[in-house]
Amino acid sequence: MVKKLNMTDEFYIQRCIELAKKALGKTYPNPLVGAVIVHNGKIIGEGFHQKAGENHAEINAINSVKNKELLPDSTIYVSLEPCAHFGKTPPCALKLREIDFKKVVIGAMDSHDKVNGKGKKILEDAKIEVVSGILEQECEELNKRFFTFHRKKRPFIILKWAQSNDGFLDKNFQPTQIGNPLSKQFVHQLRSEEHAILVGTNTALTDNPSLTTREIKGRNPIRILIDFDLKVPTDFKIFNNEAETFVSNLIKEETKKNINYIKIERENFLENLMKKLFDLQIQSVIIEGGSFTLQQFIDANIWDECIIIKNENLKLSNGTLAPKLSKTPSKTEKLRDNDVFYFNNSDFK
Ligand code: AOF
Ligand code: ZN
């Protein structure tokens, strides 16, 4: 009996996750959240959080219900603990309490300092039945960027590079040329899912990349350039007006149109950069090169995931050596066909 009930809860939380994913890359700095309302075993409402500043998932689900009289006799499923604070929108937990739902089923708890159990408590104090931790791992995975950001007080870091079979980057670090033609779309898809994208001075100077998602018409991530001495000319593509750019440098702190200069000293550089990105509420960063920059993140062990596009048919014999992960992982996953390798930092311990 109990088992059957859990299966039902899992089914609806799974649906919440599916709904939440529709907004992948679009909710920063907010999490991905989905909600489903069930009355007498029938879904009567669904919703997801679409964009920061707009309605939370629960409110969209409530608004989608035609017969609002059914709400107090319904269960609401939500992939993340309902919020307890006044942010850009009022607290969802108060709305659920006001409606007096029969039951609230939660996937993962919200690790945001202002929520973190308070939403659940509001509901329990109002004597509403609350169940939490349903498909918890899946719900954590869904918001790995959001949770890492709040727990580690730094963005979720993804390292990404393309290399030849013998371990070299292309001289001009052109990942899309090393990879097969589909790689470009794949890379642009990855970019559109992250909040920001970062490159070092050499990559910006030698490749002149625009770091946009033009191949898939996705959302452009915020661009971050590390350029201590401001060597990259302002007519380079990384400064075009297709996205906002932050330039970490030693010289000035100012904002000009879409370019924000931020001063970060060399000493403890990566640590201070992480603090600054946390203050700027940047929740995830994909590090796209070059080799030196990537290696710095590896050596400092400031990374969460690593994606390597490997062309097994290409031998370069010389050029820039690809970065090296410090240890051999216990697990390697292939993301696509045979040429994209995925590593998770937690498999290195
Ligand atoms: C929910 N449901 O759909 C989302 C939640 O500035 P606000 O008002 O949008 O609040 C943002 C915070 O609310 C965010 O950091 C996270 O803790 C929570 N997001 N909560 O109940 C949702 N998106
Ligand atoms: Zn909310």
# chains A, B, ... in the order shown; residues from 1 in each chain; ligands from 1
>>> residues_around(residues="segment 39-45 of chain A", least_positions_apart="6", cutoff="10 Å", atoms="only C-alpha atoms", output="PDB file with C-alpha atoms, in the first residue's frame")
ATOM      1  CA  THR A   8       2.535   7.705  -7.443  1.00  0.00           C
ATOM      2  CA  TYR A  12       4.197  13.232 -10.355  1.00  0.00           C
ATOM      3  CA  GLU A  58       3.422  26.700  -7.908  1.00  0.00           C
ATOM      4  CA  ASN A  60       1.665  29.025 -12.567  1.00  0.00           C
ATOM      5  CA  ALA A  61       0.242  25.606 -11.701  1.00  0.00           C
ATOM      6  CA  ILE A  62      -2.478  27.147  -9.491  1.00  0.00           C
ATOM      7  CA  ASN A  63      -3.350  29.689 -12.211  1.00  0.00           C
ATOM      8  CA  SER A  64      -3.733  26.884 -14.757  1.00  0.00           C
ATOM      9  CA  VAL A  65      -6.492  25.151 -12.751  1.00  0.00           C
ATOM     10  CA  LYS A  66      -9.935  25.828 -14.219  1.00  0.00           C
ATOM     11  CA  ASN A  67     -12.068  24.910 -11.232  1.00  0.00           C
ATOM     12  CA  LYS A  68     -10.318  26.620  -8.305  1.00  0.00           C
ATOM     13  CA  LEU A  70     -11.029  21.777  -6.215  1.00  0.00           C
ATOM     14  CA  LEU A  71      -7.746  23.193  -4.904  1.00  0.00           C
ATOM     15  CA  PRO A  72      -8.203  22.635  -1.128  1.00  0.00           C
ATOM     16  CA  ASP A  73      -9.032  19.003  -1.824  1.00  0.00           C
ATOM     17  CA  SER A  74      -5.927  18.532  -4.015  1.00  0.00           C
ATOM     18  CA  THR A  75      -2.264  17.600  -3.636  1.00  0.00           C
ATOM     19  CA  ILE A  76       0.390  19.902  -5.039  1.00  0.00           C
ATOM     20  CA  LYS A 102      -4.745  18.749   1.379  1.00  0.00           C
TER      21      LYS A 102
END
>>> closest_atom_pairs(of="segment 246-321 of chain A", to="segment 193-217 of chain A", cutoff="8 Å", atoms="only C-alpha atoms", output="Markdown table")
| residue | atom | partner | partner_atom | distance |
| --- | --- | --- | --- | --- |
| A:Ile282 | CA | A:His195 | CA | 6.4 |
| A:Gln283 | CA | A:His195 | CA | 6.1 |
| A:Ser284 | CA | A:His195 | CA | 5.1 |
| A:Val285 | CA | A:Ala196 | CA | 4.6 |
| A:Ile286 | CA | A:Ile197 | CA | 4.7 |
| A:Ile287 | CA | A:Leu198 | CA | 4.9 |
| A:Glu288 | CA | A:Val199 | CA | 5.6 |
| A:Gly289 | CA | A:Val199 | CA | 5.2 |
| A:Gly290 | CA | A:Thr203 | CA | 5.4 |
| A:Thr293 | CA | A:Gly200 | CA | 5.9 |
>>> select_by_dssp(residues="segment 129-262 of chain A", states="strand (DSSP E or B)", output="tab-separated table (two decimals) with C-alpha atoms, in the first residue's frame")
chain	number	residue	atom	x	y	z
A	129	GLU	CA	0.49	17.16	5.36
A	130	VAL	CA	3.96	17.53	3.83
A	131	VAL	CA	6.09	14.81	2.28
A	156	PHE	CA	29.03	25.66	-10.83
A	157	ILE	CA	32.13	25.22	-13.00
A	158	ILE	CA	32.19	23.19	-16.21
A	159	LEU	CA	35.51	22.71	-18.01
A	160	LYS	CA	35.29	22.10	-21.72
A	161	TRP	CA	37.84	21.55	-24.44
A	162	ALA	CA	38.44	19.67	-27.69
A	163	GLN	CA	41.57	17.67	-28.32
A	164	SER	CA	43.22	15.44	-30.89
A	168	PHE	CA	46.86	18.39	-28.38
A	169	LEU	CA	44.59	21.35	-28.77
A	196	ALA	CA	28.26	32.48	-18.21
A	197	ILE	CA	31.22	31.48	-20.37
A	198	LEU	CA	34.86	32.26	-19.58
A	199	VAL	CA	38.07	32.46	-21.63
A	200	GLY	CA	41.61	33.67	-21.00
A	222	ILE	CA	27.30	36.31	-20.05
A	223	ARG	CA	30.91	36.45	-21.28
A	224	ILE	CA	33.83	36.62	-18.85
A	225	LEU	CA	37.30	37.48	-20.09
A	226	ILE	CA	40.42	37.23	-17.95
A	245	THR	CA	30.93	40.98	-21.00
A	246	PHE	CA	32.86	41.12	-17.72
A	247	VAL	CA	36.59	41.76	-17.99
A	248	SER	CA	38.66	40.74	-15.00
A	249	ASN	CA	41.70	43.04	-15.02
A	254	GLU	CA	34.07	50.74	-14.79
A	255	THR	CA	31.06	49.96	-16.96
A	256	LYS	CA	30.79	51.06	-20.57
A	259	ILE	CA	31.27	45.89	-20.98
A	260	ASN	CA	31.93	45.70	-17.24
A	261	TYR	CA	35.51	46.02	-16.09
A	262	ILE	CA	36.11	44.35	-12.73
>>> residues_around(residues="Ala84 of chain A", least_positions_apart="3", cutoff="6 Å", atoms="only C-alpha atoms", output="PyMOL selection string")
chain A and resi 91+93+115+118-119
>>> write_last_selection(atoms="C-alpha atoms", output="tab-separated table (two decimals), in the first residue's frame")
chain	number	residue	atom	x	y	z
A	91	PRO	CA	6.31	33.50	-0.74
A	93	ALA	CA	4.43	28.67	1.02
A	115	VAL	CA	14.31	29.28	2.46
A	118	LYS	CA	11.32	27.54	6.34
A	119	GLY	CA	8.86	26.91	3.50
>>> residues_around(residues="segment 263-271 of chain A", least_positions_apart="4", cutoff="12 Å", atoms="only C-alpha atoms", output="short mmCIF file (atom, residue, chain, number, x, y, z; two decimals) with C-alpha atoms, in the first residue's frame")
data_model
loop_
_atom_site.label_atom_id
_atom_site.label_comp_id
_atom_site.auth_asym_id
_atom_site.auth_seq_id
_atom_site.Cartn_x
_atom_site.Cartn_y
_atom_site.Cartn_z
CA LYS A 152 29.83 26.38 -2.08
CA LYS A 153 29.26 30.13 -2.51
CA ARG A 154 30.69 29.96 -6.02
CA PRO A 155 29.32 29.21 -9.50
CA ILE A 157 32.13 25.22 -13.00
CA LEU A 225 37.30 37.48 -20.09
CA ILE A 226 40.42 37.23 -17.95
CA ASP A 227 42.68 39.97 -19.25
CA PHE A 228 44.98 41.34 -16.53
CA ASP A 229 46.60 44.04 -18.68
CA LEU A 230 43.66 44.77 -21.01
CA PHE A 246 32.86 41.12 -17.72
CA VAL A 247 36.59 41.76 -17.99
CA SER A 248 38.66 40.74 -15.00
CA ASN A 249 41.70 43.04 -15.02
CA LEU A 250 44.29 44.81 -12.84
CA ILE A 251 43.70 48.33 -14.12
CA LYS A 252 40.16 49.65 -13.91
CA GLU A 253 36.69 49.21 -12.51
CA GLU A 254 34.07 50.74 -14.79
CA THR A 255 31.06 49.96 -16.96
CA LYS A 275 33.87 35.42 -4.77
CA LYS A 276 33.24 38.17 -7.28
CA LEU A 277 31.14 35.90 -9.51
CA PHE A 278 29.16 34.81 -6.46
CA THR A 293 43.30 28.84 -17.97
CA LEU A 294 41.69 25.39 -17.86
CA GLN A 295 44.74 23.93 -16.13
CA GLN A 296 44.56 26.61 -13.44
CA PHE A 297 41.02 25.57 -12.56
CA ILE A 298 42.10 21.90 -12.51
CA ASP A 299 45.13 22.58 -10.31
CA ALA A 300 43.03 24.60 -7.85
CA ASN A 301 40.37 21.85 -7.96
CA ILE A 302 37.73 24.48 -8.69
CA TRP A 303 35.50 22.58 -11.07
#
